[in-house]
>>> print(open('target30.cif').read())   # mmCIF, C-alpha atoms
data_target
loop_
_atom_site.label_atom_id
_atom_site.label_comp_id
_atom_site.auth_asym_id
_atom_site.auth_seq_id
_atom_site.Cartn_x
_atom_site.Cartn_y
_atom_site.Cartn_z
CA MET P 102 25.62 16.20 -34.94
CA THR P 103 24.76 14.09 -37.94
CA LEU P 104 23.52 10.52 -37.79
CA SER P 105 26.87 9.15 -38.99
CA GLU P 106 28.73 11.14 -36.30
CA ALA P 107 26.32 9.92 -33.60
CA LEU P 108 26.73 6.33 -34.78
CA ALA P 109 30.53 6.65 -34.83
CA TRP P 110 30.47 8.12 -31.31
CA ALA P 111 28.25 5.25 -30.08
CA ILE P 112 30.60 2.65 -31.58
CA ASP P 113 33.66 4.33 -30.07
CA ASN P 114 32.03 4.53 -26.64
CA LYS P 115 30.12 1.23 -26.57
CA GLU P 116 31.83 0.04 -23.36
CA TRP P 117 30.72 3.15 -21.49
CA ILE P 118 27.23 3.18 -23.01
CA PHE P 119 26.49 -0.39 -21.96
CA SER P 120 28.12 -0.12 -18.54
CA GLY P 121 25.96 0.56 -15.49
CA ILE P 122 26.21 4.34 -15.77
CA GLY P 123 25.37 4.39 -19.46
CA VAL P 124 22.35 2.12 -19.07
CA ALA P 125 21.08 4.23 -16.15
CA ALA P 126 21.51 7.45 -18.15
CA ILE P 127 19.74 6.02 -21.20
CA GLY P 128 16.91 4.69 -19.01
CA TRP P 129 16.51 8.08 -17.32
CA LEU P 130 16.35 9.88 -20.67
CA PHE P 131 13.84 7.35 -22.00
CA ALA P 132 11.62 7.74 -18.92
CA LEU P 133 11.80 11.53 -19.14
CA PHE P 134 10.84 11.49 -22.82
CA ARG P 135 8.03 8.99 -22.25
CA ARG P 136 6.56 10.99 -19.35
CA ARG P 137 6.37 14.14 -21.46
CA GLN P 138 4.94 12.26 -24.43
CA ASN P 139 2.13 10.61 -22.43
CA GLY P 140 1.19 13.73 -20.51
CA LEU P 141 1.25 11.86 -17.20
CA SER P 142 2.95 14.70 -15.42
CA GLN P 143 0.76 16.70 -13.05
CA ARG P 144 1.35 20.31 -12.13
CA GLN P 145 -0.65 22.51 -9.87
CA ARG P 146 -0.53 26.22 -9.22
CA SER P 147 -2.32 27.89 -6.40
CA GLY P 148 -3.03 31.37 -5.26
CA ALA P 149 -3.33 32.86 -1.82
CA ASN P 150 -6.17 31.55 0.39
CA SER P 151 -7.09 28.73 -1.99
CA THR P 152 -7.89 25.07 -1.42
CA ASN P 153 -6.14 22.79 -3.88
CA LEU P 154 -6.92 19.15 -4.51
CA GLN P 155 -4.88 16.93 -6.79
CA SER P 156 -5.39 13.28 -7.59
CA GLY P 157 -4.33 10.76 -10.17
CA ARG P 158 -7.90 9.42 -10.32
CA ASP P 159 -11.24 10.44 -8.76
CA ILE P 160 -11.88 12.78 -5.87
CA ASN P 161 -15.18 12.40 -4.01
CA LEU P 162 -16.28 15.28 -1.84
CA ASN P 163 -19.15 15.37 0.62
CA ARG P 164 -19.96 19.04 0.72
CA GLY P 165 -23.14 19.42 2.69
CA ARG P 166 -24.63 22.46 4.32
CA SER P 167 -23.07 23.70 7.51
CA GLY P 168 -24.47 21.98 10.60
CA THR P 169 -25.69 18.83 8.83
CA ASP P 170 -24.45 15.28 9.13
CA ASP P 171 -22.57 14.44 5.90
CA GLU P 172 -21.81 10.83 6.83
CA ARG P 173 -24.54 8.48 5.66
#
>>> encode(input="target30.cif", output="structure tokens")
Amino acid sequence: MTLSEALAWAIDNKEWIFSGIGVAAIGWLFALFRRRQNGLSQRQRSGANSTNLQSGRDINLNRGRSGTDDER
């Protein structure tokens, strides 16, 4: 589809594009594109018998020796 064809289609369908469904569809596509562009999507793969931690920010772990009091 060329630019002139896309523009002609948009002009012919302007009522639908700017109706509630069209605005929602355009917003969804924009959000999908922006999420991929910023790399904000998180994915995690795990194997058998593994512990997986995922966070949007920091994870603090208190990993002391067995039998000790980790709370200080």
>>> atom_distance(input="target30.cif", atom1="atom CA of Arg144 of chain P", atom2="atom CA of Ser156 of chain P")
10.7 Å
>>> axis_aligned_box(input="target30.cif", around="segment 126-130 of chain P", padding_each_side="8 Å", output="lines of an AutoDock Vina configuration file")
center_x = 18.9
center_y = 7.3
center_z = -19.3
size_x = 21.2
size_y = 21.2
size_z = 19.9
>>> atom_distance(input="target30.cif", atom1="atom CA of Asp159 of chain P", atom2="atom CA of Phe131 of chain P")
28.5 Å
>>> atom_distance(input="target30.cif", atom1="atom CA of Ile122 of chain P", atom2="atom CA of Thr103 of chain P")
24.3 Å
